[in-house]
Number of protein chains: 2
Amino acid sequence: MGFMIGIDGGGTKSIGSIVDSKGMIIATAEEGSMNLHTREVEAVGHTLENLINKLINAAGCDEREVDLVSIGVAGIGRKRDEITFRKIIERINLSIPVLLNTDIKIALVGAHGKEEGIFLLSGTGSIAYGIDSTGSEHRIGGWGHILGDEGSGYDIGRRGLEKIVQGIDKRVDSSNLKKRVFDNLGFTSIDDLINFVYSAKGTKADIARIAPIVEEGAQAGDKICIDLLIEAGNKLVDITEEIIFQMPHNENLVICAGGGVLENITTVYKHFHFGIRKKYPAITIIPPKYSPVLGALIMGCKHLNKMEEINLWKNQWKQVK
Amino acid sequence: MGFMIGIDGGGTKSIGSIVDSKGMIIATAEEGSMNLHTREVEAVGHTLENLINKLINAAGCDEREVDLVSIGVAGIGRKRDEITFRKIIERINLSIPVLLNTDIKIALVGAHGKEEGIFLLSGTGSIAYGIDSTGSEHRIGGWGHILGDEGSGYDIGRRGLEKIVQGIDKRVDSSNLKKRVFDNLGFTSIDDLINFVYSAKGTKADIARIAPIVEEGAQAGDKICIDLLIEAGNKLVDITEEIIFQMPHNENLVICAGGGVLENITTVYKHFHFGIRKKYPAITIIPPKYSPVLGALIMGCKHLNKMEEINLWKNQWKQVK
């Protein structure tokens, strides 16, 4: 067995690693977004090509020595997007075979180190995704910031701003949160906040960056902030409950909780953890074991029927962690 | 007293009327949006100029015979927007004096036929706006579709779509609503819905147009639809209660309920009406009396100290209605 490349094709950036035949990570590189909805097909093709070339050059190997490129990318669950992405791969004339999965699948496999379990992600967006013991896949949420993404960073940030404008209307007392957000983002008037939200500048990622400010408020004892984060935790409990309910083969369920919100916003994590443990005392909740890129590599091994390699590789990854 | 022009400078279109010295509406004309955030300053200037020229030409009068242009336009409450709009007026070199008010103020004055009362608007967006017996102004909501607009057409439409994707996740049974929306908008797959919401096509006005489909469902007895509209009605009760609470001089309060949702979505109106009457049996709820354009003309009379004209004019407007 030769080299293998794993790629996490994200909406804001793409990360790839190349491993040798022993699973040792030889090089890791970053490129731009692979979002098929916000970028041109040519641009995504260039990004993919550049990322692969960077990795091959860094490893000092030849394209023919690479057995597989295992990619996780958003939208592959939708036929239209999958067709588009396959055309992109054809267009860049890659001689290496490509394995294509959704971004959430490689994230779950990375998080659990295997193709089984529940992965609850809350970052800018949110989704609960599960693979049961028979290999069937389930998903709840992940419908984007307008229709879904409950308990995500965007959701927390948007709700925080909503409380601030309700404070201006004197419907709630959110003056502490307002001060924190204004100081942090350099707003001097409510007009600045409105421009931030409704101008092109206030992307969903920008609004999600307000979530850590809400957490600061919660840590300082601000009740509005604590309530917002408890609400987010409860929403994450809801979508997790839905996925548990929909997984018929769910003996020995392990939930992995990952993403910026669950890994950094302590108040959300605590309330999520408490909510799940109260309802399902037998369920184990763990942090992610490996990155989505390593999940892509595990999927790659499985695809090449190199199952025995996986455990050896994981030992390597522990050493580099 | 000569002619007078009233203009409702809206976010999607602008309407203007020219009246003679007896308040008789001589001509009404329409032009594009006066939204200062989505259009260039030059374009808004042209729109305003064209609208005024159209009205003067239709009335067959001369610019010098027009005493006043009374305009209501969104954003005038914000200093930055008011300065921009005043620059636009200067730029088009108008010889007629201009009176500038917010769009919501001319709407309230039109709705009540005078500068006093509460105007609850729910169309694409929502806002509760009040002028008390001392003339002071109060507002709740109206913070736009991301931060506010509770109980608006956008809010109802977005919640309806949210229920549909939750139905795909088997969290609720929204299959009837899904069928209605898909049939109505020509969607053949959930990908079409996602593209509609996240592509440039799905503007907030497009999403608001789903509200009447939810009403159709409610009329047919679909519980999901009925609940969504009750929820919207309750949100409108909430913002109305807030404004009642914040108006210290609120003897003989009259609430005017207007906009596409309150005038056409019966289930919302009924629940709103019921909610307010239960809590405030003494408060009268009325439909809008006159349009915002006529509200602008009433403001114009007041500005020119022609208070006695207003009642005469109103009689004219009844005849043309």
# chains A, B, ... in the order shown; residues from 1 in each chain; ligands from 1
>>> closest_atom_pairs(of="chain A", to="chain B", cutoff="6 Å", atoms="only C-alpha atoms", output="JSON lines")
{"residue": "A:Ile140", "atom": "CA", "partner": "B:Asp169", "partner_atom": "CA", "distance": 5.6}
{"residue": "A:Leu147", "atom": "CA", "partner": "B:Glu162", "partner_atom": "CA", "distance": 4.9}
{"residue": "A:Glu162", "atom": "CA", "partner": "B:Leu147", "partner_atom": "CA", "distance": 4.9}
{"residue": "A:Asp169", "atom": "CA", "partner": "B:Ile140", "partner_atom": "CA", "distance": 5.6}
>>> residues_around(residues="stretch 15-32 of chain A", least_positions_apart="3", cutoff="7 Å", atoms="only C-alpha atoms", output="count of residues only")
19
>>> atom_distance(atom1="atom CA of B:Thr84", atom2="atom CA of A:Ser189")
17.4 Å
>>> select_by_dssp(residues="stretch 22-155 of chain A", states="strand (DSSP E)", output="ChimeraX atom specification")
/A:25-31,66-73,98-101,117-122,126-131,137-141
>>> select_by_dssp(residues="stretch 204-286 of chain B", states="helix (DSSP H, G or I)", output="ChimeraX atom specification")
/B:204-208,211-219,223-246,260-264,266-279
>>> residues_around(residues="stretch 116-120 of chain B", least_positions_apart="4", cutoff="6 Å", atoms="only C-alpha atoms", output="PyMOL selection string")
chain B and resi 108+128-132+254-257
>>> write_last_selection(atoms="N, CA and C atoms", output="PDB file, in the first residue's frame")
ATOM      1  N   LEU B 108     -49.507  55.301  10.145  1.00  0.00           N
ATOM      2  CA  LEU B 108     -50.376  55.470  11.325  1.00  0.00           C
ATOM      3  C   LEU B 108     -51.370  56.600  11.099  1.00  0.00           C
ATOM      4  N   ALA B 128     -45.132  47.580  15.857  1.00  0.00           N
ATOM      5  CA  ALA B 128     -46.206  48.276  16.576  1.00  0.00           C
ATOM      6  C   ALA B 128     -45.706  49.688  16.820  1.00  0.00           C
ATOM      7  N   TYR B 129     -46.523  50.653  16.427  1.00  0.00           N
ATOM      8  CA  TYR B 129     -46.104  52.047  16.487  1.00  0.00           C
ATOM      9  C   TYR B 129     -47.250  52.849  17.096  1.00  0.00           C
ATOM     10  N   GLY B 130     -46.929  53.750  17.990  1.00  0.00           N
ATOM     11  CA  GLY B 130     -47.997  54.507  18.645  1.00  0.00           C
ATOM     12  C   GLY B 130     -47.648  55.966  18.838  1.00  0.00           C
ATOM     13  N   ILE B 131     -48.669  56.803  18.732  1.00  0.00           N
ATOM     14  CA  ILE B 131     -48.520  58.219  19.086  1.00  0.00           C
ATOM     15  C   ILE B 131     -49.575  58.499  20.153  1.00  0.00           C
ATOM     16  N   ASP B 132     -49.128  58.965  21.338  1.00  0.00           N
ATOM     17  CA  ASP B 132     -50.101  59.183  22.414  1.00  0.00           C
ATOM     18  C   ASP B 132     -50.695  60.587  22.348  1.00  0.00           C
ATOM     19  N   VAL B 254     -57.138  53.518  20.662  1.00  0.00           N
ATOM     20  CA  VAL B 254     -57.679  52.826  19.500  1.00  0.00           C
ATOM     21  C   VAL B 254     -56.505  52.169  18.772  1.00  0.00           C
ATOM     22  N   ILE B 255     -56.656  50.890  18.484  1.00  0.00           N
ATOM     23  CA  ILE B 255     -55.610  50.174  17.760  1.00  0.00           C
ATOM     24  C   ILE B 255     -56.083  49.945  16.330  1.00  0.00           C
ATOM     25  N   CYS B 256     -55.270  50.345  15.386  1.00  0.00           N
ATOM     26  CA  CYS B 256     -55.576  50.024  14.004  1.00  0.00           C
ATOM     27  C   CYS B 256     -54.667  48.869  13.587  1.00  0.00           C
ATOM     28  N   ALA B 257     -55.264  47.812  13.043  1.00  0.00           N
ATOM     29  CA  ALA B 257     -54.509  46.624  12.635  1.00  0.00           C
ATOM     30  C   ALA B 257     -54.478  46.557  11.120  1.00  0.00           C
TER      31      ALA B 257
END
>>> closest_residue(among="B:Ile71, B:Val214, B:Ile207, B:Asn311", to="B:Ala107", atoms="only C-alpha atoms")
B:Ile71
>>> residues_around(residues="A:Arg277", least_positions_apart="5", cutoff="12 Å", atoms="only C-alpha atoms", output="VMD selection string")
chain A and resid 237 240 to 241 254 to 255 269 to 272 282 to 285
>>> atom_distance(atom1="atom CA of B:Leu177", atom2="atom CA of B:Glu216")
9.3 Å
>>> closest_residue(among="B:Glu42, B:Glu215, B:Asp103, B:Asp192", to="B:Ala232", atoms="only C-alpha atoms")
B:Glu215
>>> residues_around(residues="A:Tyr154", least_positions_apart="5", cutoff="7 Å", atoms="only C-alpha atoms", output="number ranges by chain")
A: 124-125, 145, 204-205, 207-208
